[in-house]
>>> print(open('input.pdb').read())   # PDB, C-alpha atoms
MODEL        1
ATOM      1  CA  MET A   1     -42.634 325.638 293.597  1.00  0.00           C
ATOM      2  CA  LYS A   2     -41.739 323.829 290.414  1.00  0.00           C
ATOM      3  CA  PRO A   3     -42.827 320.224 289.967  1.00  0.00           C
ATOM      4  CA  ALA A   4     -39.971 317.691 290.050  1.00  0.00           C
ATOM      5  CA  VAL A   5     -38.898 316.356 286.687  1.00  0.00           C
ATOM      6  CA  ILE A   6     -38.144 312.662 286.584  1.00  0.00           C
ATOM      7  CA  THR A   7     -35.592 311.585 284.063  1.00  0.00           C
ATOM      8  CA  THR A   8     -34.873 308.080 282.921  1.00  0.00           C
ATOM      9  CA  ASN A   9     -31.885 306.586 281.271  1.00  0.00           C
ATOM     10  CA  HIS A  10     -33.822 305.426 278.275  1.00  0.00           C
ATOM     11  CA  ARG A  11     -31.653 304.238 275.422  1.00  0.00           C
ATOM     12  CA  PRO A  12     -33.356 303.353 272.187  1.00  0.00           C
ATOM     13  CA  ILE A  13     -32.707 299.831 270.978  1.00  0.00           C
ATOM     14  CA  PRO A  14     -30.759 300.022 267.752  1.00  0.00           C
ATOM     15  CA  LYS A  15     -32.402 298.392 264.805  1.00  0.00           C
ATOM     16  CA  LEU A  16     -30.310 295.958 262.867  1.00  0.00           C
ATOM     17  CA  PRO A  17     -29.569 297.281 259.430  1.00  0.00           C
ATOM     18  CA  ILE A  18     -30.353 295.094 256.465  1.00  0.00           C
ATOM     19  CA  ARG A  19     -26.651 294.486 255.840  1.00  0.00           C
ATOM     20  CA  TYR A  20     -26.477 292.360 259.030  1.00  0.00           C
ATOM     21  CA  LEU A  21     -29.410 290.214 257.986  1.00  0.00           C
ATOM     22  CA  ARG A  22     -27.397 288.393 255.318  1.00  0.00           C
ATOM     23  CA  PRO A  23     -24.611 287.138 257.696  1.00  0.00           C
ATOM     24  CA  VAL A  24     -27.252 286.030 260.204  1.00  0.00           C
ATOM     25  CA  LEU A  25     -29.102 284.065 257.519  1.00  0.00           C
ATOM     26  CA  ILE A  26     -25.838 282.522 256.311  1.00  0.00           C
ATOM     27  CA  ILE A  27     -24.881 281.422 259.830  1.00  0.00           C
ATOM     28  CA  VAL A  28     -28.332 279.982 260.518  1.00  0.00           C
ATOM     29  CA  SER A  29     -28.286 278.173 257.158  1.00  0.00           C
ATOM     30  CA  VAL A  30     -24.833 276.726 257.801  1.00  0.00           C
ATOM     31  CA  LEU A  31     -25.912 275.473 261.229  1.00  0.00           C
ATOM     32  CA  ALA A  32     -29.092 273.941 259.772  1.00  0.00           C
ATOM     33  CA  VAL A  33     -27.116 272.138 257.057  1.00  0.00           C
ATOM     34  CA  PHE A  34     -24.547 271.008 259.644  1.00  0.00           C
ATOM     35  CA  PHE A  35     -27.211 269.488 261.906  1.00  0.00           C
ATOM     36  CA  TYR A  36     -28.989 267.876 258.938  1.00  0.00           C
ATOM     37  CA  ILE A  37     -25.766 266.281 257.691  1.00  0.00           C
ATOM     38  CA  ALA A  38     -24.776 265.226 261.199  1.00  0.00           C
ATOM     39  CA  SER A  39     -28.076 263.400 261.652  1.00  0.00           C
ATOM     40  CA  TYR A  40     -27.504 261.347 258.480  1.00  0.00           C
ATOM     41  CA  ALA A  41     -23.746 261.070 258.660  1.00  0.00           C
ATOM     42  CA  GLN A  42     -22.326 257.812 257.469  1.00  0.00           C
ATOM     43  CA  ALA A  43     -19.381 256.182 259.114  1.00  0.00           C
ATOM     44  CA  ASN A  44     -17.448 254.941 256.106  1.00  0.00           C
ATOM     45  CA  GLY A  45     -14.269 253.284 257.297  1.00  0.00           C
ATOM     46  CA  LYS A  46     -15.263 253.581 260.958  1.00  0.00           C
ATOM     47  CA  THR A  47     -17.618 250.647 261.078  1.00  0.00           C
ATOM     48  CA  ALA A  48     -16.880 247.456 262.974  1.00  0.00           C
ATOM     49  CA  THR A  49     -17.514 243.883 261.893  1.00  0.00           C
ATOM     50  CA  ILE A  50     -20.652 242.392 263.437  1.00  0.00           C
ATOM     51  CA  LEU A  51     -21.236 239.341 261.239  1.00  0.00           C
ATOM     52  CA  GLU A  52     -19.327 237.339 258.642  1.00  0.00           C
ATOM     53  CA  ILE A  53     -20.614 234.564 256.361  1.00  0.00           C
ATOM     54  CA  THR A  54     -19.519 232.723 253.245  1.00  0.00           C
ATOM     55  CA  GLU A  55     -21.930 232.226 250.383  1.00  0.00           C
ATOM     56  CA  GLY A  56     -21.030 230.931 246.929  1.00  0.00           C
ATOM     57  CA  ASP A  57     -17.662 232.363 245.917  1.00  0.00           C
ATOM     58  CA  TYR A  58     -17.815 235.210 248.446  1.00  0.00           C
ATOM     59  CA  ARG A  59     -16.863 235.965 252.014  1.00  0.00           C
ATOM     60  CA  ILE A  60     -19.377 238.601 253.108  1.00  0.00           C
ATOM     61  CA  GLU A  61     -18.642 240.834 256.070  1.00  0.00           C
ATOM     62  CA  LEU A  62     -21.402 242.983 257.557  1.00  0.00           C
ATOM     63  CA  ARG A  63     -20.171 246.048 259.407  1.00  0.00           C
ATOM     64  CA  SER A  64     -22.167 248.678 261.241  1.00  0.00           C
ATOM     65  CA  TYR A  65     -21.935 251.906 263.112  1.00  0.00           C
ATOM     66  CA  PRO A  66     -22.653 251.877 265.981  1.00  0.00           C
ATOM     67  CA  THR A  67     -21.264 248.396 266.536  1.00  0.00           C
ATOM     68  CA  GLU A  68     -24.316 247.123 268.373  1.00  0.00           C
ATOM     69  CA  ILE A  69     -27.406 247.210 266.187  1.00  0.00           C
ATOM     70  CA  ARG A  70     -29.940 249.466 267.905  1.00  0.00           C
ATOM     71  CA  LYS A  71     -33.518 250.385 267.129  1.00  0.00           C
ATOM     72  CA  GLY A  72     -33.537 253.449 264.868  1.00  0.00           C
ATOM     73  CA  ASN A  73     -31.509 254.650 261.892  1.00  0.00           C
ATOM     74  CA  MET A  74     -28.412 252.482 261.332  1.00  0.00           C
ATOM     75  CA  HIS A  75     -25.572 252.662 258.832  1.00  0.00           C
ATOM     76  CA  PHE A  76     -24.181 249.434 257.404  1.00  0.00           C
ATOM     77  CA  SER A  77     -21.234 248.541 255.212  1.00  0.00           C
ATOM     78  CA  MET A  78     -20.863 245.223 253.463  1.00  0.00           C
ATOM     79  CA  VAL A  79     -17.412 244.022 252.428  1.00  0.00           C
ATOM     80  CA  PHE A  80     -17.139 241.391 249.702  1.00  0.00           C
ATOM     81  CA  ASN A  81     -14.028 239.262 249.095  1.00  0.00           C
ATOM     82  CA  TYR A  82     -13.498 236.155 247.005  1.00  0.00           C
ATOM     83  CA  ILE A  83     -12.994 232.990 249.068  1.00  0.00           C
ATOM     84  CA  LYS A  84     -10.331 231.425 246.836  1.00  0.00           C
ATOM     85  CA  ASP A  85      -7.689 234.173 247.103  1.00  0.00           C
ATOM     86  CA  GLU A  86      -9.181 236.784 249.497  1.00  0.00           C
ATOM     87  CA  SER A  87      -9.023 239.396 246.726  1.00  0.00           C
ATOM     88  CA  PRO A  88     -11.640 242.171 246.761  1.00  0.00           C
ATOM     89  CA  ALA A  89     -14.862 241.530 244.832  1.00  0.00           C
ATOM     90  CA  GLU A  90     -15.163 244.890 243.128  1.00  0.00           C
ATOM     91  CA  ASN A  91     -17.643 244.848 240.247  1.00  0.00           C
ATOM     92  CA  LEU A  92     -20.776 243.626 241.963  1.00  0.00           C
ATOM     93  CA  SER A  93     -24.367 244.717 241.900  1.00  0.00           C
ATOM     94  CA  VAL A  94     -25.836 244.107 245.358  1.00  0.00           C
ATOM     95  CA  ASP A  95     -29.478 244.435 246.429  1.00  0.00           C
ATOM     96  CA  VAL A  96     -30.815 243.801 249.944  1.00  0.00           C
ATOM     97  CA  ILE A  97     -34.166 243.719 251.717  1.00  0.00           C
ATOM     98  CA  LEU A  98     -34.822 243.701 255.449  1.00  0.00           C
ATOM     99  CA  ILE A  99     -37.628 241.750 257.088  1.00  0.00           C
ATOM    100  CA  GLY A 100     -38.573 242.619 260.658  1.00  0.00           C
ATOM    101  CA  PRO A 101     -39.509 240.350 263.555  1.00  0.00           C
ATOM    102  CA  SER A 102     -42.851 238.595 263.989  1.00  0.00           C
ATOM    103  CA  PRO A 103     -45.746 239.200 264.288  1.00  0.00           C
ATOM    104  CA  GLU A 104     -45.604 242.410 262.201  1.00  0.00           C
ATOM    105  CA  ASN A 105     -42.806 241.265 259.848  1.00  0.00           C
ATOM    106  CA  ILE A 106     -42.062 244.824 258.788  1.00  0.00           C
ATOM    107  CA  PHE A 107     -40.631 244.846 255.267  1.00  0.00           C
ATOM    108  CA  ILE A 108     -38.030 247.403 254.282  1.00  0.00           C
ATOM    109  CA  GLY A 109     -38.062 247.354 250.507  1.00  0.00           C
ATOM    110  CA  GLN A 110     -35.272 246.587 248.135  1.00  0.00           C
ATOM    111  CA  LYS A 111     -32.190 248.737 248.540  1.00  0.00           C
ATOM    112  CA  LYS A 112     -29.437 248.884 245.960  1.00  0.00           C
ATOM    113  CA  LEU A 113     -26.160 249.145 247.822  1.00  0.00           C
ATOM    114  CA  VAL A 114     -23.963 252.138 247.040  1.00  0.00           C
ATOM    115  CA  LYS A 115     -20.308 251.467 246.297  1.00  0.00           C
ATOM    116  CA  ASP A 116     -17.986 253.264 248.710  1.00  0.00           C
ATOM    117  CA  PRO A 117     -15.623 255.556 246.756  1.00  0.00           C
ATOM    118  CA  LEU A 118     -12.730 254.930 249.177  1.00  0.00           C
ATOM    119  CA  TYR A 119     -12.808 251.130 249.252  1.00  0.00           C
ATOM    120  CA  SER A 120     -13.355 249.142 246.060  1.00  0.00           C
ATOM    121  CA  ASN A 121     -15.125 246.192 247.692  1.00  0.00           C
ATOM    122  CA  TRP A 122     -17.240 248.068 250.276  1.00  0.00           C
ATOM    123  CA  TYR A 123     -20.923 248.727 249.675  1.00  0.00           C
ATOM    124  CA  ASP A 124     -22.993 250.968 251.965  1.00  0.00           C
ATOM    125  CA  PHE A 125     -26.620 251.399 252.958  1.00  0.00           C
ATOM    126  CA  SER A 126     -28.665 252.827 255.793  1.00  0.00           C
ATOM    127  CA  ALA A 127     -31.923 251.509 257.195  1.00  0.00           C
ATOM    128  CA  ASN A 128     -34.419 252.576 259.819  1.00  0.00           C
ATOM    129  CA  LEU A 129     -34.878 249.521 262.012  1.00  0.00           C
ATOM    130  CA  ASN A 130     -37.938 250.660 263.925  1.00  0.00           C
ATOM    131  CA  GLN A 131     -38.576 247.518 265.957  1.00  0.00           C
ATOM    132  CA  GLU A 132     -36.359 245.495 268.270  1.00  0.00           C
ATOM    133  CA  GLY A 133     -35.969 241.759 267.803  1.00  0.00           C
ATOM    134  CA  THR A 134     -34.513 239.490 265.116  1.00  0.00           C
ATOM    135  CA  TRP A 135     -34.457 240.974 261.624  1.00  0.00           C
ATOM    136  CA  TYR A 136     -33.329 239.181 258.480  1.00  0.00           C
ATOM    137  CA  LEU A 137     -31.135 240.760 255.841  1.00  0.00           C
ATOM    138  CA  GLU A 138     -31.708 239.002 252.531  1.00  0.00           C
ATOM    139  CA  GLY A 139     -29.419 239.904 249.683  1.00  0.00           C
ATOM    140  CA  GLN A 140     -28.607 239.168 246.101  1.00  0.00           C
ATOM    141  CA  ILE A 141     -25.179 239.542 244.499  1.00  0.00           C
ATOM    142  CA  ILE A 142     -25.045 239.836 240.714  1.00  0.00           C
ATOM    143  CA  GLU A 143     -21.700 239.455 238.957  1.00  0.00           C
ATOM    144  CA  ASN A 144     -21.314 238.584 235.275  1.00  0.00           C
ATOM    145  CA  GLU A 145     -24.985 237.550 235.104  1.00  0.00           C
ATOM    146  CA  GLU A 146     -24.450 235.024 237.950  1.00  0.00           C
ATOM    147  CA  ILE A 147     -26.704 235.444 240.967  1.00  0.00           C
ATOM    148  CA  THR A 148     -25.726 234.534 244.544  1.00  0.00           C
ATOM    149  CA  ASN A 149     -28.296 234.865 247.335  1.00  0.00           C
ATOM    150  CA  PHE A 150     -27.458 235.258 251.020  1.00  0.00           C
ATOM    151  CA  LEU A 151     -29.303 235.608 254.335  1.00  0.00           C
ATOM    152  CA  MET A 152     -28.068 237.202 257.569  1.00  0.00           C
ATOM    153  CA  PRO A 153     -29.911 237.383 260.899  1.00  0.00           C
ATOM    154  CA  LEU A 154     -29.615 240.712 262.750  1.00  0.00           C
ATOM    155  CA  GLU A 155     -30.442 241.121 266.423  1.00  0.00           C
ATOM    156  CA  VAL A 156     -31.790 244.643 267.017  1.00  0.00           C
ATOM    157  CA  TYR A 157     -31.614 245.939 270.597  1.00  0.00           C
ATOM    158  CA  PRO A 158     -33.639 248.763 272.211  1.00  0.00           C
ATOM    159  CA  GLU A 159     -32.362 252.216 271.359  1.00  0.00           C
ATOM    160  CA  ASN A 160     -30.159 254.010 273.833  1.00  0.00           C
ATOM    161  CA  PHE A 161     -29.385 257.666 274.364  1.00  0.00           C
ATOM    162  CA  ASN A 162     -27.484 259.170 271.424  1.00  0.00           C
ATOM    163  CA  TRP A 163     -24.472 260.970 272.856  1.00  0.00           C
ATOM    164  CA  GLY A 164     -23.354 261.952 269.344  1.00  0.00           C
ATOM    165  CA  ILE A 165     -26.173 264.486 269.006  1.00  0.00           C
ATOM    166  CA  VAL A 166     -25.328 265.943 272.430  1.00  0.00           C
ATOM    167  CA  LEU A 167     -21.686 266.248 271.369  1.00  0.00           C
ATOM    168  CA  VAL A 168     -22.587 267.971 268.084  1.00  0.00           C
ATOM    169  CA  PHE A 169     -24.917 270.395 269.850  1.00  0.00           C
ATOM    170  CA  SER A 170     -22.432 271.210 272.625  1.00  0.00           C
ATOM    171  CA  SER A 171     -19.646 271.762 270.088  1.00  0.00           C
ATOM    172  CA  SER A 172     -21.818 274.293 268.241  1.00  0.00           C
ATOM    173  CA  LEU A 173     -22.505 276.306 271.415  1.00  0.00           C
ATOM    174  CA  PRO A 174     -19.285 278.404 271.168  1.00  0.00           C
ATOM    175  CA  VAL A 175     -20.346 279.535 267.681  1.00  0.00           C
ATOM    176  CA  LEU A 176     -23.793 280.547 268.928  1.00  0.00           C
ATOM    177  CA  ILE A 177     -22.309 282.334 271.946  1.00  0.00           C
ATOM    178  CA  SER A 178     -19.845 284.267 269.795  1.00  0.00           C
ATOM    179  CA  ILE A 179     -22.661 285.314 267.432  1.00  0.00           C
ATOM    180  CA  SER A 180     -24.792 286.553 270.311  1.00  0.00           C
ATOM    181  CA  TRP A 181     -21.787 288.335 271.826  1.00  0.00           C
ATOM    182  CA  TYR A 182     -21.171 290.071 268.481  1.00  0.00           C
ATOM    183  CA  PHE A 183     -24.763 291.297 268.269  1.00  0.00           C
ATOM    184  CA  ARG A 184     -24.680 292.394 271.897  1.00  0.00           C
ATOM    185  CA  LYS A 185     -21.661 294.582 271.116  1.00  0.00           C
ATOM    186  CA  LEU A 186     -23.500 296.017 268.097  1.00  0.00           C
ATOM    187  CA  LYS A 187     -26.413 297.026 270.304  1.00  0.00           C
ATOM    188  CA  ARG A 188     -24.092 298.914 272.686  1.00  0.00           C
ATOM    189  CA  LYS A 189     -22.673 301.101 269.925  1.00  0.00           C
TER     190      LYS A 189
ENDMDL
END
>>> encode(input="input.pdb", output="structure tokens")
Amino acid sequence: MKPAVITTNHRPIPKLPIRYLRPVLIIVSVLAVFFYIASYAQANGKTATILEITEGDYRIELRSYPTEIRKGNMHFSMVFNYIKDESPAENLSVDVILIGPSPENIFIGQKKLVKDPLYSNWYDFSANLNQEGTWYLEGQIIENEEITNFLMPLEVYPENFNWGIVLVFSSSLPVLISISWYFRKLKRK
């Protein structure tokens, strides 16, 4: 009697040719850049006013996103207008420093504010407020060799869950699923 021969349905796994490596690297690179930019995205134009003061010839409006200052990385916009006619103060040089709450009094060094390209009197900066409590934003406005100093207290609250990152990740899932579906179809061929 002949011994029984056992057969298996063994299919070799196709190897991905080099030509598919480039699109995979491009997609991974695009996703990495997207997540990097999303983590440092600024909210120009979408900030809300949290504090307003007058100092010297200026009405200074501090805006932030999110609207409640939380522990962690925050984006701020400062809007400068002249008091006398409410016209935009456009040609300013603005520097700020942030001093954290006692007892540590964390010092975030001098930051030169960046002029927003969309709004002539808006100046932007970001800061990592790594401690909750009362911070102080000290600033200096220089216009035509005249210096105006200002001080703003900022109340920093404990950080909360960032739903923005969850939204960005969940919106990228269809792209990842379609990529995996594409490679799954390639393996079946």
>>> atom_distance(input="input.pdb", atom1="atom CA of A:Ile69", atom2="atom CA of A:Ile50")
8.7 Å
>>> residues_around(input="input.pdb", residues="stretch 130-137 of chain A", least_positions_apart="3", cutoff="8 Å", atoms="only C-alpha atoms", output="ChimeraX atom specification")
/A:70-73,96-101,151-158
>>> closest_residue(input="input.pdb", among="A:Arg22, A:Lys115, A:Arg59, A:Arg188", to="A:Ser77", atoms="all atoms listed in the file")
A:Lys115
>>> atom_distance(input="input.pdb", atom1="atom CA of A:Asn160", atom2="atom CA of A:Ser102")
22.3 Å
>>> closest_atom_pairs(input="input.pdb", of="stretch 115-188 of chain A", to="stretch 80-92 of chain A", cutoff="10 Å", atoms="only C-alpha atoms", output="Markdown table")
| residue | atom | partner | partner_atom | distance |
| --- | --- | --- | --- | --- |
| A:Lys115 | CA | A:Glu90 | CA | 8.9 |
| A:Tyr119 | CA | A:Glu90 | CA | 9.1 |
| A:Ser120 | CA | A:Glu90 | CA | 5.5 |
| A:Asn121 | CA | A:Glu90 | CA | 4.7 |
| A:Trp122 | CA | A:Phe80 | CA | 6.7 |
| A:Tyr123 | CA | A:Phe80 | CA | 8.3 |
| A:Gln140 | CA | A:Leu92 | CA | 9.9 |
| A:Ile141 | CA | A:Leu92 | CA | 6.5 |
| A:Ile142 | CA | A:Leu92 | CA | 5.8 |
| A:Glu143 | CA | A:Leu92 | CA | 5.2 |
| A:Asn144 | CA | A:Leu92 | CA | 8.4 |
>>> axis_aligned_box(input="input.pdb", around="stretch 175-189 of chain A", padding_each_side="6 Å", output="JSON")
{"center_x": -23.1, "center_y": 290.3, "center_z": 270.1, "size_x": 18.6, "size_y": 33.6, "size_z": 17.3}
>>> closest_residue(input="input.pdb", among="A:Ser29, A:Met78, A:Phe150, A:Phe107", to="A:Asp57", atoms="all atoms listed in the file")
A:Phe150
>>> residues_around(input="input.pdb", residues="A:Ser64", least_positions_apart="3", cutoff="6 Å", atoms="only C-alpha atoms", output="NGL selection string")
:A and (47-48 or 67 or 75-76)
>>> atom_distance(input="input.pdb", atom1="atom CA of A:Glu146", atom2="atom CA of A:Pro117")
24.0 Å
>>> residues_around(input="input.pdb", residues="stretch 173-180 of chain A", least_positions_apart="2", cutoff="12 Å", atoms="only C-alpha atoms", output="list in words")
Tyr20, Pro23, Val24, Leu25, Ile26, Ile27, Val28, Val30, Leu31, Val166, Leu167, Val168, Phe169, Ser170, Ser171, Tyr182, Phe183, Arg184, Lys185, Leu186 and Lys187 of chain A
>>> write_last_selection(input="input.pdb", atoms="C-alpha atoms", output="tab-separated table (two decimals), in the frame of the given file")
chain	number	residue	atom	x	y	z
A	20	TYR	CA	-26.48	292.36	259.03
A	23	PRO	CA	-24.61	287.14	257.70
A	24	VAL	CA	-27.25	286.03	260.20
A	25	LEU	CA	-29.10	284.06	257.52
A	26	ILE	CA	-25.84	282.52	256.31
A	27	ILE	CA	-24.88	281.42	259.83
A	28	VAL	CA	-28.33	279.98	260.52
A	30	VAL	CA	-24.83	276.73	257.80
A	31	LEU	CA	-25.91	275.47	261.23
A	166	VAL	CA	-25.33	265.94	272.43
A	167	LEU	CA	-21.69	266.25	271.37
A	168	VAL	CA	-22.59	267.97	268.08
A	169	PHE	CA	-24.92	270.40	269.85
A	170	SER	CA	-22.43	271.21	272.62
A	171	SER	CA	-19.65	271.76	270.09
A	182	TYR	CA	-21.17	290.07	268.48
A	183	PHE	CA	-24.76	291.30	268.27
A	184	ARG	CA	-24.68	292.39	271.90
A	185	LYS	CA	-21.66	294.58	271.12
A	186	LEU	CA	-23.50	296.02	268.10
A	187	LYS	CA	-26.41	297.03	270.30
